[in-house]
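Trainee: Provided herewith is a single structure, encoded as structure tokens, for subsequent inquiry.
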Amino acid sequence: MSRLQTFRDSYLWYSFRRDKVAIASLVVLVLLVLMAVFAPLIAPYNPYDPEMIDIMNSEIPPAWEDGGTTAFLLGTDSQGRDMLSTMIYGMRISILIGIGAVALQAVLGVLIGLFAGYHGGRLDAFFMRAADVQLSFSYLMVAIFLSAILQAVVGVARFGEIAIPFLILVIGFSQWPQYARTVRASVLAERRKEYVEAARVAGFPSHRIILGQIFPNTLSPILVLSTIQVANAVMSEAALSFLGLGMPIDRPSLGSLINSGFEFIFSGAWWITVLPGVLLVILVLSINLLGDFLRDVFNPKLYKG
Amino acid sequence: MAKLLEVRDLVIRFGLRTGEVTATSGVSFSLDRGERLGLVGESGAGKSVTGFSIINLISKPGYIASGEVNFNGENLARVSPERMRQIRGNRISMIFQDPMMTLNPVLTIGTQMTEVLHRHRPELSREQARDIALDKLRKVHIPSPEKRLEQYPHEFSGGMRQRIIIAIALLTDPELIIADEPTTALDVTIQAEIMDLLMELCEKDGMGLILITHDLAVVSQVTQNIAVMYAGRIVEKGPTSRVIAQPQHPYTRGLIAALPQSSRHGERLNQIPGMMPTLKDMPPGCAFNPRCPHVMEICHRQIPALRPGSNGNMAACHLYPEENAHE
């Protein structure tokens with residue numbers, strides 16, 4: 001039986017085909033991700049190229065409004081950049097940071113959760129108290145603190161160049177307790193099962209039991225958590241950028257675009273803020289709905305009866 | 001030829017918060033190559049902990065306080081953890097009671113089998129490991145093993161899973177298999193199949209088998225020798241047929257009388273009155289004295305040693321004093 005066949009017979013596929021919301025959100029998400037990945041091919045302009053920007057084109061409304069032109073379908077921002085292109089590039093950055101940050105959190109949190117849960121004792125106590133401490137204050141505070149220091153140290157100009165890795169690190173490090181706790185809880189349940197004992201009897205050293213035997217059993221909560229965390233990370237990045245601590249305006253993410261249009265919203269140029277905001281909402285919503293679907297499928301209490 | 005396994009004066013203790021308790025004391029038995037030994041007793045008699053002590057995997061806070069476990073002349077109670085892991089699952093395999101739980105639910109049978117092989121024989125290629133796995137599945141009579149390798153544990157019945165567990169135990173061609181209640185969770189017809197299979201495999205490959213069970217019927221079919229355990233001590237041992245036919249120790253007699261087929265139709269089933277003492281409040285002297293129908297004054301004072309009884313079985317009972325051992 002091929003892998004494809006196994007998948008087609010699975011409960012996941014079965015319930016996916018019957019869930020219109022899940023299908024719709026997957027389609028939307030795949031479209032958005034494809035747009036982000038192939039941004040240079042799809043976007044009509046390159047918003048990073050100063051040669052293509054003309055300040056005379058600033059604040060042109062979307063094509064369907066009075067004064068709009070079909071050259072700029074969704075209008076332009078205050079610097080004369082095409083909104084559609086800037087949004088596509090901005091989403092690219094948002095998704096990149098979201099996925100990068102979640103990958104970092106997941107690696108950190110899963111490893112800590114696995115080993116702390118399996119070995120217990122002091123190792124467990126240390127990491128879980130560290131997690132408690134970290135969750136007890138807002139990550140935004142830490143992020144603001146760190147980025148303020150970093151901007152002061154390297155200067156605002158150079159900060160723009162290292163903003164992406166910086167945001168990935170800040171969001172990644174601040175959210176590992178989510179993973180560590182979830183994984184630890186499953187490990188605590190799994191490690192008492194007899195297959196772990198059997199693996200010990202078969203002569204496996206503990207790190208191989210943890211990674212080879214217990215880890216695959218914790219994958220479904222990790223998968224569900226990851227979808228939620230990607231959405232959270234995208235939101236966090238937008239929040240930080242909106243506060244001016246994230247992506248600089250010459251390489252805007254969705255958050256910094258929303259921010260850049262904010263001062264024009266009452267002068268009638270609503271599209272600079274609203275359109276990236278709508279895109280952000282669609283992106284986050286589709287990820288969250290997909291996460292909800294996965295949670296329903298993987299929750300053994302809901303489907304094993 | 002040297003014995004395959006020789007357990008000598010094994011003492012296992014548990015360091016509990018409320019104080020130390022002794023789980024087994026003075027347990028000695030040995031096993032030749034290809035020999036099948038039954039370890040029999042009630043729950044809590046120390047059978048399983050003895051089994052686990054052989055591979056040095058007693059769960060905390062238990063530990064081997066003294067005694068030797070000589071496997072091919074190597075004292076496993078004293079070897080390094082790394083050396084022990086090389087022996088575990090390689091030279092000595094263990095089979096557990098519940099086949100529903102001992103397989104990892106999210107990995108295919110093939111993955112689980114090749115993992116074990118990869119661990120103990122890293123020089124094997126993927127194809128070679130797969131071939132060995134297929135060969136072992138055939139040995140335990142799993143039909144169409146190629147297809148089965150790709151399947152997950154939930155796709156198998158209980159009996160099939162126990163076969164697969166046996167196949168996994170066989171992967172590295174061990175010299176000794178410890179089977180801890182291997183058929184207790186299965187229904188009776190499957191029990192017989194699994195026991196036949198184990199016996200067949202042991203005979204074919206000359207593997208030693210330690211069968212830990214409370215089921216005398218199973219032991220009598222499969223094993224050549226029996227050791228009966230009570231409250232952490234071996235109270236009787238000898239060739240299976242003789243122990244069953246002429247039990248010496250009052251506890252063994254009680255066990256055999258308690259088999260449903262030894263009571264008459266319409267009568268109540270026989271049972272041994274009372275309960276096994278817990279590890280914490282062992283009575284002084286022979287641990288069986290509160291339940292023994294032949295209890296004497298000496299039983300309260302002195303723990304009987306394991307001595308030859310009247311028919312050559314070894315029994316630990318004051319009914320068989322030293323002087324008339326050879327009558």
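Each chain in the structure tokens gets a letter, A, B, ..., in the order shown, and its residues are numbered from 1; ligands are numbered from 1 in order too.
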List the spatial neighbours of segment 85-99 of chain B as a count of residues only - criterion: any atom at most 8 Å away, only C-alpha atoms, same-chain residues fewer than 3 positions off excluded.

Mentor: 35

Trainee: Please identify which residues in segment 139-254 of chain B DSSP calls helix (DSSP H, G or I) from the backbone, and express them as a ChimeraX atom specification.

Mentor: /B:139,145-149,153-155,158-170,188-205,216-222,240-245,250-254

Trainee: Work out how far atom CA of Ala231 of chain A is from atom CA of Val183 of chain A, in Å to one decimal.

Mentor: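 These atoms are spaced 19.3 Å apart.
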
Trainee: Would you work out the distance separating atom CA of Ile168 of chain A from atom CA of Val230 of chain A, expressed in Å to one decimal?

Mentor: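 These two atoms are separated by 11.6 Å.
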
Trainee: Counting only C-alpha atoms, figure out which residue out of B:Asn75, B:Asn289, B:Thr111, B:Gln246 gets nearest to chain A.

Mentor: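 That would be B:Thr111, the residue with the smallest distance to chain A.
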
Trainee: Taking the DSSP assignment computed from this structure's backbone, write out as a list in words all residues of segment 137-242 of chain B that belong to strand (DSSP E).

Mentor: Leu176, Ile177, Ile178, Ala179, Asp180, Gly208, Leu209, Ile210, Leu211, Ile212, Thr213, Asn225, Ile226, Ala227, Val228, Met229, Tyr230, Arg233, Ile234, Val235, Glu236, Lys237, Gly238 and Pro239 of chain B

Trainee: Between B:Ala217, B:Ala245, B:Leu117, B:Met101, which one has atoms that come closest to chain A, using only C-alpha atoms?

Mentor: B:Met101

Trainee: My list of candidates is B:Leu76, B:Leu31, B:Pro105, B:Arg17. Which is closest to chain A when distances are computed with only C-alpha atoms?

Mentor: B:Pro105

Trainee: List as JSON, numbers by chain the protein and nucleic acid residues near Ile64 of chain B, meaning an atom at most 10 Å away when only C-alpha atoms are counted, but skip any in the same chain fewer than 4 places from it.

Mentor: {"B": [10, 11, 12, 13, 14, 22, 23, 24, 50, 53, 54, 56, 57, 58, 68, 69, 77, 78]}

Trainee: Set the distance at 7 Å and use only C-alpha atoms: which residues neighbour segment 79-90 of chain A once local chain neighbours fewer than 3 positions away are removed? I'd like the list as a PyMOL selection string.

Mentor: chain A and resi 35-36+39+43-47+53-59+72-76+93-94+252-254+276

Trainee: Using only N, CA and C atoms, please write the residues we just selected to a file, as a short mmCIF file (atom, residue, chain, number, x, y, z; two decimals), in the first residue's frame.

Mentor:
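And here's selection20.cif as it stands now:
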data_model
loop_
_atom_site.label_atom_id
_atom_site.label_comp_id
_atom_site.auth_asym_id
_atom_site.auth_seq_id
_atom_site.Cartn_x
_atom_site.Cartn_y
_atom_site.Cartn_z
N MET A 35 1.37 33.06 -3.39
CA MET A 35 1.60 34.46 -3.76
C MET A 35 2.87 34.98 -3.09
N ALA A 36 3.03 34.64 -1.81
CA ALA A 36 4.19 35.13 -1.07
C ALA A 36 5.48 34.55 -1.64
N ALA A 39 6.33 36.01 -5.07
CA ALA A 39 6.06 37.45 -5.09
C ALA A 39 6.72 38.18 -6.26
N ALA A 43 3.84 40.10 -8.32
CA ALA A 43 3.63 41.51 -8.03
C ALA A 43 3.95 42.36 -9.27
N PRO A 44 3.07 43.31 -9.58
CA PRO A 44 3.31 44.14 -10.77
C PRO A 44 4.51 45.07 -10.62
N TYR A 45 4.86 45.44 -9.41
CA TYR A 45 6.01 46.34 -9.20
C TYR A 45 6.92 45.72 -8.17
N ASN A 46 8.16 46.21 -8.12
CA ASN A 46 9.05 45.79 -7.05
C ASN A 46 9.15 46.93 -6.04
N PRO A 47 8.53 46.78 -4.87
CA PRO A 47 8.49 47.89 -3.92
C PRO A 47 9.84 48.21 -3.30
N ILE A 53 9.61 53.69 -7.93
CA ILE A 53 8.72 54.47 -7.09
C ILE A 53 8.78 55.94 -7.50
N ASP A 54 7.62 56.50 -7.69
CA ASP A 54 7.54 57.91 -8.03
C ASP A 54 6.68 58.60 -6.98
N ILE A 55 7.26 59.57 -6.30
CA ILE A 55 6.54 60.21 -5.20
C ILE A 55 5.30 60.92 -5.70
N MET A 56 5.29 61.25 -7.02
CA MET A 56 4.13 61.90 -7.60
C MET A 56 2.90 60.98 -7.60
N ASN A 57 3.16 59.67 -7.52
CA ASN A 57 2.04 58.72 -7.53
C ASN A 57 1.48 58.47 -6.14
N SER A 58 1.90 59.22 -5.14
CA SER A 58 1.51 58.87 -3.78
C SER A 58 0.01 59.05 -3.54
N GLU A 59 -0.49 58.18 -2.68
CA GLU A 59 -1.87 58.23 -2.21
C GLU A 59 -2.91 58.20 -3.32
N PHE A 72 -2.48 51.04 -10.79
CA PHE A 72 -2.32 50.65 -9.39
C PHE A 72 -3.66 50.14 -8.88
N LEU A 73 -3.85 48.81 -8.98
CA LEU A 73 -5.17 48.23 -8.70
C LEU A 73 -5.67 48.57 -7.30
N LEU A 74 -4.79 48.46 -6.34
CA LEU A 74 -5.20 48.71 -4.95
C LEU A 74 -4.67 50.06 -4.46
N GLY A 75 -4.31 50.92 -5.38
CA GLY A 75 -3.84 52.24 -4.99
C GLY A 75 -2.38 52.24 -4.62
N THR A 76 -1.93 53.37 -4.08
CA THR A 76 -0.54 53.48 -3.66
C THR A 76 -0.49 54.05 -2.26
N ILE A 93 7.29 38.63 3.98
CA ILE A 93 8.10 38.82 5.19
C ILE A 93 7.36 38.30 6.41
N SER A 94 6.06 38.61 6.50
CA SER A 94 5.28 38.16 7.65
C SER A 94 5.30 36.64 7.77
N PRO A 252 8.67 46.87 4.29
CA PRO A 252 7.57 46.72 5.24
C PRO A 252 7.02 45.30 5.30
N SER A 253 6.63 44.89 6.48
CA SER A 253 5.80 43.71 6.62
C SER A 253 4.36 44.21 6.71
N LEU A 254 3.41 43.30 6.88
CA LEU A 254 2.02 43.75 6.95
C LEU A 254 1.83 44.71 8.12
N PRO A 276 -3.90 46.18 3.99
CA PRO A 276 -3.00 45.21 4.63
C PRO A 276 -3.63 44.57 5.87
#

Trainee: Hey, what's within 10 Å of Ala103 of chain A if we count only C-alpha atoms and toss same-chain stuff fewer than 6 positions away? As a list in words, please?

Mentor: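 Counting only C-alpha atoms, the residues come to Ile97, Gly109, Ile168, Gly172, Ser226, Gln229 and Val230 of chain A.
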
Trainee: In Å, how far is it from atom CA of Thr6 of chain A to atom CA of Gln112 of chain B?

Mentor: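 Calculated distance between atom CA of Thr6 of chain A and atom CA of Gln112 of chain B is 18.4 Å.
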
Trainee: Please, which residues in chain A fall within 12 Å of chain B when counting only C-alpha atoms, and what is the closest atom pair and distance in Å to one decimal for each, ordered by chain then residue number, as CSV?

Mentor:
residue,atom,partner,partner_atom,distance
A:Met1,CA,B:Glu150,CA,7.7
A:Ser2,CA,B:Glu150,CA,9.3
A:Arg3,CA,B:Glu150,CA,9.7
A:Thr6,CA,B:Gln151,CA,9.9
A:Glu190,CA,B:Asn104,CA,10.0
A:Arg191,CA,B:Asn104,CA,11.3
A:Arg192,CA,B:Met101,CA,10.4
A:Lys193,CA,B:Met101,CA,6.8
A:Glu194,CA,B:Thr102,CA,4.9
A:Tyr195,CA,B:Thr102,CA,4.0
A:Val196,CA,B:Thr102,CA,7.6
A:Glu197,CA,B:Thr102,CA,7.8
A:Ala198,CA,B:Thr102,CA,6.0
A:Ala199,CA,B:Val116,CA,8.5
A:Arg200,CA,B:Arg88,CA,8.2
A:Val201,CA,B:Arg88,CA,5.9
A:Ala202,CA,B:Gly89,CA,3.7
A:Gly203,CA,B:Arg85,CA,4.3
A:Phe204,CA,B:Arg85,CA,6.7
A:Pro205,CA,B:Arg85,CA,7.2
A:Ser206,CA,B:Arg85,CA,10.4
A:Arg208,CA,B:Arg119,CA,9.4
A:Ile209,CA,B:Glu115,CA,10.6
A:Gly212,CA,B:Glu115,CA,8.6
A:Gln213,CA,B:Asn104,CA,6.9
A:Ile214,CA,B:Asn104,CA,8.5
A:Phe215,CA,B:Val106,CA,9.8
A:Pro216,CA,B:Val106,CA,6.5
A:Asn217,CA,B:Val106,CA,6.1
A:Thr218,CA,B:Val106,CA,9.6
A:Leu219,CA,B:Val106,CA,9.6
A:Ser220,CA,B:Val106,CA,10.5

Trainee: Please save N, CA and C atoms of the selected residues as a JSON list (two decimals), in the first residue's frame.

Mentor:
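Printed below is again03.json as written:
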[["chain", "number", "residue", "atom", "x", "y", "z"],
["A", 1, "MET", "N", 0.85, -1.19, 0.00],
["A", 1, "MET", "CA", 0.00, 0.00, 0.00],
["A", 1, "MET", "C", 0.88, 1.24, 0.00],
["A", 2, "SER", "N", 0.65, 2.10, -0.95],
["A", 2, "SER", "CA", 1.51, 3.29, -1.04],
["A", 2, "SER", "C", 1.12, 4.30, 0.03],
["A", 3, "ARG", "N", 2.01, 5.26, 0.24],
["A", 3, "ARG", "CA", 1.75, 6.29, 1.24],
["A", 3, "ARG", "C", 0.52, 7.10, 0.86],
["A", 6, "THR", "N", -2.52, 5.24, 1.74],
["A", 6, "THR", "CA", -2.74, 5.29, 3.19],
["A", 6, "THR", "C", -3.37, 6.60, 3.58],
["A", 190, "GLU", "N", 2.98, 9.36, 28.08],
["A", 190, "GLU", "CA", 3.53, 8.31, 27.23],
["A", 190, "GLU", "C", 4.60, 7.47, 27.94],
["A", 191, "ARG", "N", 5.39, 8.13, 28.79],
["A", 191, "ARG", "CA", 6.55, 7.40, 29.31],
["A", 191, "ARG", "C", 6.16, 6.25, 30.24],
["A", 192, "ARG", "N", 4.92, 6.26, 30.73],
["A", 192, "ARG", "CA", 4.48, 5.15, 31.58],
["A", 192, "ARG", "C", 3.96, 3.98, 30.76],
["A", 193, "LYS", "N", 3.84, 4.17, 29.46],
["A", 193, "LYS", "CA", 3.27, 3.08, 28.66],
["A", 193, "LYS", "C", 4.29, 1.98, 28.45],
["A", 194, "GLU", "N", 3.75, 0.81, 28.18],
["A", 194, "GLU", "CA", 4.63, -0.35, 28.17],
["A", 194, "GLU", "C", 5.59, -0.38, 26.99],
["A", 195, "TYR", "N", 5.24, 0.32, 25.92],
["A", 195, "TYR", "CA", 6.17, 0.26, 24.79],
["A", 195, "TYR", "C", 7.48, 0.95, 25.14],
["A", 196, "VAL", "N", 7.43, 1.90, 26.08],
["A", 196, "VAL", "CA", 8.67, 2.54, 26.53],
["A", 196, "VAL", "C", 9.51, 1.56, 27.33],
["A", 197, "GLU", "N", 8.83, 0.84, 28.20],
["A", 197, "GLU", "CA", 9.50, -0.23, 28.97],
["A", 197, "GLU", "C", 10.10, -1.25, 28.00],
["A", 198, "ALA", "N", 9.31, -1.60, 26.99],
["A", 198, "ALA", "CA", 9.78, -2.60, 26.02],
["A", 198, "ALA", "C", 11.01, -2.10, 25.29],
["A", 199, "ALA", "N", 11.03, -0.79, 24.97],
["A", 199, "ALA", "CA", 12.19, -0.24, 24.29],
["A", 199, "ALA", "C", 13.41, -0.28, 25.20],
["A", 200, "ARG", "N", 13.18, -0.04, 26.48],
["A", 200, "ARG", "CA", 14.30, -0.11, 27.43],
["A", 200, "ARG", "C", 14.82, -1.54, 27.50],
["A", 201, "VAL", "N", 13.88, -2.47, 27.53],
["A", 201, "VAL", "CA", 14.27, -3.88, 27.58],
["A", 201, "VAL", "C", 15.02, -4.27, 26.32],
["A", 202, "ALA", "N", 14.67, -3.63, 25.20],
["A", 202, "ALA", "CA", 15.34, -3.95, 23.95],
["A", 202, "ALA", "C", 16.72, -3.31, 23.88],
["A", 203, "GLY", "N", 17.13, -2.61, 24.94],
["A", 203, "GLY", "CA", 18.49, -2.10, 24.99],
["A", 203, "GLY", "C", 18.70, -0.74, 24.37],
["A", 204, "PHE", "N", 17.61, 0.03, 24.19],
["A", 204, "PHE", "CA", 17.79, 1.37, 23.63],
["A", 204, "PHE", "C", 18.25, 2.34, 24.71],
["A", 205, "PRO", "N", 19.23, 3.19, 24.42],
["A", 205, "PRO", "CA", 19.58, 4.24, 25.39],
["A", 205, "PRO", "C", 18.49, 5.30, 25.44],
["A", 206, "SER", "N", 18.47, 6.08, 26.54],
["A", 206, "SER", "CA", 17.29, 6.91, 26.78],
["A", 206, "SER", "C", 17.07, 7.95, 25.69],
["A", 208, "ARG", "N", 17.52, 7.68, 22.58],
["A", 208, "ARG", "CA", 16.86, 7.06, 21.43],
["A", 208, "ARG", "C", 15.41, 6.69, 21.73],
["A", 209, "ILE", "N", 15.14, 6.37, 22.98],
["A", 209, "ILE", "CA", 13.75, 6.11, 23.36],
["A", 209, "ILE", "C", 12.95, 7.40, 23.23],
["A", 212, "GLY", "N", 13.08, 8.44, 19.26],
["A", 212, "GLY", "CA", 12.58, 7.45, 18.32],
["A", 212, "GLY", "C", 11.21, 6.89, 18.68],
["A", 213, "GLN", "N", 10.92, 6.80, 19.98],
["A", 213, "GLN", "CA", 9.69, 6.14, 20.39],
["A", 213, "GLN", "C", 8.65, 7.13, 20.92],
["A", 214, "ILE", "N", 9.06, 8.02, 21.81],
["A", 214, "ILE", "CA", 8.07, 8.90, 22.44],
["A", 214, "ILE", "C", 7.72, 10.07, 21.52],
["A", 215, "PHE", "N", 8.73, 10.64, 20.87],
["A", 215, "PHE", "CA", 8.48, 11.81, 20.03],
["A", 215, "PHE", "C", 7.38, 11.59, 18.98],
["A", 216, "PRO", "N", 7.41, 10.48, 18.23],
["A", 216, "PRO", "CA", 6.33, 10.30, 17.25],
["A", 216, "PRO", "C", 4.94, 10.28, 17.89],
["A", 217, "ASN", "N", 4.86, 9.88, 19.15],
["A", 217, "ASN", "CA", 3.56, 9.85, 19.82],
["A", 217, "ASN", "C", 3.07, 11.21, 20.27],
["A", 218, "THR", "N", 3.96, 12.22, 20.24],
["A", 218, "THR", "CA", 3.52, 13.55, 20.66],
["A", 218, "THR", "C", 3.27, 14.45, 19.46],
["A", 219, "LEU", "N", 3.37, 13.88, 18.25],
["A", 219, "LEU", "CA", 3.31, 14.73, 17.06],
["A", 219, "LEU", "C", 1.97, 15.42, 16.86],
["A", 220, "SER", "N", 0.86, 14.76, 17.21],
["A", 220, "SER", "CA", -0.40, 15.41, 16.87],
["A", 220, "SER", "C", -0.65, 16.67, 17.68]]

Trainee: Of the candidates A:Pro177, A:Gly244, A:Gly277, A:Gly255, which shows the shortest atom-to-atom distance to Leu104 of chain A, using only C-alpha atoms?

Mentor: A:Pro177

Trainee: Could you give me, as a PyMOL selection string, the residues within 9 Å of Leu216 of chain B, counting only C-alpha atoms and dropping anything in the same chain fewer than 2 positions from it?

Mentor: chain B and resi 38+40-41+213-214+218-221+244+255-256+259

Trainee: Set the distance at 12 Å and use only C-alpha atoms: which residues neighbour Val235 of chain B once local chain neighbours fewer than 2 positions away are removed? I'd like the list as a short mmCIF file (atom, residue, chain, number, x, y, z; two decimals) with N, CA, C and O atoms, in the first residue's frame.

Mentor:
data_model
loop_
_atom_site.label_atom_id
_atom_site.label_comp_id
_atom_site.auth_asym_id
_atom_site.auth_seq_id
_atom_site.Cartn_x
_atom_site.Cartn_y
_atom_site.Cartn_z
N THR B 24 13.01 -9.94 47.22
CA THR B 24 13.38 -11.35 47.09
C THR B 24 14.63 -11.56 47.94
O THR B 24 15.44 -10.66 48.08
N SER B 25 14.74 -12.76 48.50
CA SER B 25 16.00 -13.04 49.19
C SER B 25 16.45 -14.45 48.89
O SER B 25 15.65 -15.37 48.82
N GLY B 26 17.73 -14.57 48.69
CA GLY B 26 18.34 -15.87 48.48
C GLY B 26 17.79 -16.64 47.30
O GLY B 26 17.68 -17.86 47.33
N VAL B 27 17.42 -15.94 46.22
CA VAL B 27 16.89 -16.65 45.05
C VAL B 27 18.05 -17.19 44.23
O VAL B 27 18.95 -16.45 43.84
N SER B 28 18.06 -18.49 44.02
CA SER B 28 19.09 -19.12 43.21
C SER B 28 18.44 -20.07 42.23
O SER B 28 17.56 -20.84 42.61
N PHE B 29 18.83 -19.98 41.00
CA PHE B 29 18.43 -21.01 40.03
C PHE B 29 19.37 -20.92 38.86
O PHE B 29 20.14 -19.97 38.73
N LEU B 39 8.83 -20.01 36.27
CA LEU B 39 8.89 -19.31 37.55
C LEU B 39 7.45 -19.05 37.96
O LEU B 39 6.76 -18.28 37.32
N VAL B 40 6.99 -19.76 39.00
CA VAL B 40 5.57 -19.76 39.32
C VAL B 40 5.34 -19.13 40.68
O VAL B 40 6.17 -19.23 41.57
N GLY B 41 4.20 -18.52 40.84
CA GLY B 41 3.84 -17.98 42.14
C GLY B 41 2.69 -17.01 42.02
O GLY B 41 2.29 -16.65 40.92
N ALA B 45 4.79 -12.36 44.46
CA ALA B 45 5.74 -13.31 45.03
C ALA B 45 7.18 -12.95 44.67
O ALA B 45 8.11 -13.50 45.24
N ILE B 226 10.73 -26.32 37.11
CA ILE B 226 9.88 -25.32 37.73
C ILE B 226 10.57 -24.79 38.98
O ILE B 226 11.21 -25.55 39.70
N ALA B 227 10.43 -23.49 39.21
CA ALA B 227 10.77 -22.95 40.52
C ALA B 227 9.53 -22.24 41.03
O ALA B 227 8.97 -21.40 40.34
N VAL B 228 9.08 -22.63 42.23
CA VAL B 228 7.88 -22.02 42.80
C VAL B 228 8.34 -20.95 43.78
O VAL B 228 9.18 -21.21 44.64
N MET B 229 7.79 -19.75 43.60
CA MET B 229 8.20 -18.67 44.50
C MET B 229 7.07 -18.30 45.43
O MET B 229 5.89 -18.32 45.05
N TYR B 230 7.43 -17.98 46.65
CA TYR B 230 6.46 -17.48 47.60
C TYR B 230 7.11 -16.41 48.45
O TYR B 230 8.17 -16.64 49.05
N ALA B 231 6.51 -15.24 48.48
CA ALA B 231 6.98 -14.12 49.31
C ALA B 231 8.48 -13.88 49.15
O ALA B 231 9.20 -13.71 50.12
N GLY B 232 8.93 -13.90 47.90
CA GLY B 232 10.32 -13.52 47.65
C GLY B 232 11.35 -14.62 47.79
O GLY B 232 12.53 -14.37 47.69
N ARG B 233 10.88 -15.83 48.03
CA ARG B 233 11.83 -16.94 48.12
C ARG B 233 11.38 -18.07 47.21
O ARG B 233 10.18 -18.25 46.99
N LYS B 237 11.77 -26.34 43.94
CA LYS B 237 12.12 -26.43 42.53
C LYS B 237 12.50 -27.84 42.16
O LYS B 237 12.94 -28.63 43.01
N GLY B 238 12.33 -28.15 40.89
CA GLY B 238 12.63 -29.49 40.43
C GLY B 238 12.06 -29.68 39.04
O GLY B 238 11.50 -28.75 38.46
N VAL B 243 7.34 -32.04 40.10
CA VAL B 243 6.77 -31.02 40.98
C VAL B 243 5.26 -31.05 40.89
O VAL B 243 4.55 -30.93 41.88
N PRO B 247 4.12 -32.77 44.57
CA PRO B 247 4.61 -31.53 45.18
C PRO B 247 5.03 -31.79 46.62
O PRO B 247 4.38 -32.56 47.34
N GLN B 248 6.12 -31.18 47.02
CA GLN B 248 6.64 -31.40 48.36
C GLN B 248 6.21 -30.30 49.32
O GLN B 248 5.77 -30.58 50.41
N HIS B 249 6.36 -29.07 48.88
CA HIS B 249 6.08 -27.97 49.79
C HIS B 249 4.57 -27.79 49.93
O HIS B 249 3.84 -27.87 48.93
N PRO B 250 4.09 -27.53 51.15
CA PRO B 250 2.64 -27.37 51.34
C PRO B 250 2.06 -26.28 50.45
O PRO B 250 0.91 -26.38 50.03
N TYR B 251 2.86 -25.27 50.12
CA TYR B 251 2.35 -24.19 49.26
C TYR B 251 2.11 -24.70 47.84
O TYR B 251 1.08 -24.44 47.23
N THR B 252 3.06 -25.47 47.33
CA THR B 252 2.90 -26.04 45.99
C THR B 252 1.69 -26.97 45.96
O THR B 252 0.90 -26.95 45.01
N ARG B 253 1.56 -27.76 47.00
CA ARG B 253 0.39 -28.64 47.08
C ARG B 253 -0.89 -27.83 47.03
O ARG B 253 -1.84 -28.18 46.33
N CYS B 286 9.27 -19.16 58.63
CA CYS B 286 8.79 -19.43 57.28
C CYS B 286 7.64 -18.49 56.93
O CYS B 286 6.68 -18.36 57.69
N ALA B 287 7.72 -17.82 55.77
CA ALA B 287 6.72 -16.83 55.41
C ALA B 287 5.34 -17.47 55.18
O ALA B 287 4.32 -16.79 55.19
N PHE B 288 5.32 -18.77 54.97
CA PHE B 288 4.07 -19.44 54.67
C PHE B 288 3.36 -19.90 55.95
O PHE B 288 2.22 -20.38 55.89
N ILE B 303 13.75 -19.78 59.30
CA ILE B 303 13.42 -19.82 57.88
C ILE B 303 14.01 -21.11 57.29
O ILE B 303 15.21 -21.36 57.42
N PRO B 304 13.19 -21.94 56.70
CA PRO B 304 13.72 -23.22 56.20
C PRO B 304 14.62 -23.00 54.99
O PRO B 304 14.36 -22.14 54.17
N ALA B 305 15.66 -23.78 54.88
CA ALA B 305 16.54 -23.71 53.72
C ALA B 305 16.00 -24.62 52.62
O ALA B 305 15.18 -25.50 52.87
N LEU B 306 16.47 -24.37 51.40
CA LEU B 306 16.05 -25.21 50.28
C LEU B 306 16.86 -26.50 50.33
O LEU B 306 18.09 -26.48 50.21
N ARG B 307 16.18 -27.64 50.55
CA ARG B 307 16.89 -28.91 50.67
C ARG B 307 16.19 -29.94 49.80
O ARG B 307 15.00 -29.80 49.52
N PRO B 308 16.92 -30.99 49.48
CA PRO B 308 16.25 -32.05 48.72
C PRO B 308 15.16 -32.69 49.55
O PRO B 308 15.37 -33.01 50.72
N GLY B 309 13.97 -32.83 49.00
CA GLY B 309 12.88 -33.51 49.69
C GLY B 309 12.96 -35.00 49.43
O GLY B 309 13.95 -35.52 48.90
N ASN B 313 13.01 -33.47 44.61
CA ASN B 313 12.71 -32.05 44.43
C ASN B 313 13.36 -31.28 45.56
O ASN B 313 13.43 -31.75 46.68
N MET B 314 13.76 -30.05 45.24
CA MET B 314 14.26 -29.20 46.30
C MET B 314 13.08 -28.49 46.92
O MET B 314 12.24 -27.92 46.21
N ALA B 315 12.98 -28.51 48.26
CA ALA B 315 11.88 -27.81 48.90
C ALA B 315 12.39 -27.10 50.14
O ALA B 315 13.29 -27.60 50.82
N ALA B 316 11.83 -25.94 50.40
CA ALA B 316 12.23 -25.19 51.58
C ALA B 316 11.13 -25.33 52.62
O ALA B 316 10.21 -24.53 52.68
N CYS B 317 11.19 -26.41 53.39
CA CYS B 317 10.12 -26.67 54.35
C CYS B 317 10.67 -27.50 55.49
O CYS B 317 11.48 -28.41 55.28
N HIS B 318 10.24 -27.19 56.69
CA HIS B 318 10.70 -27.95 57.85
C HIS B 318 10.13 -29.36 57.90
O HIS B 318 10.54 -30.17 58.73
#
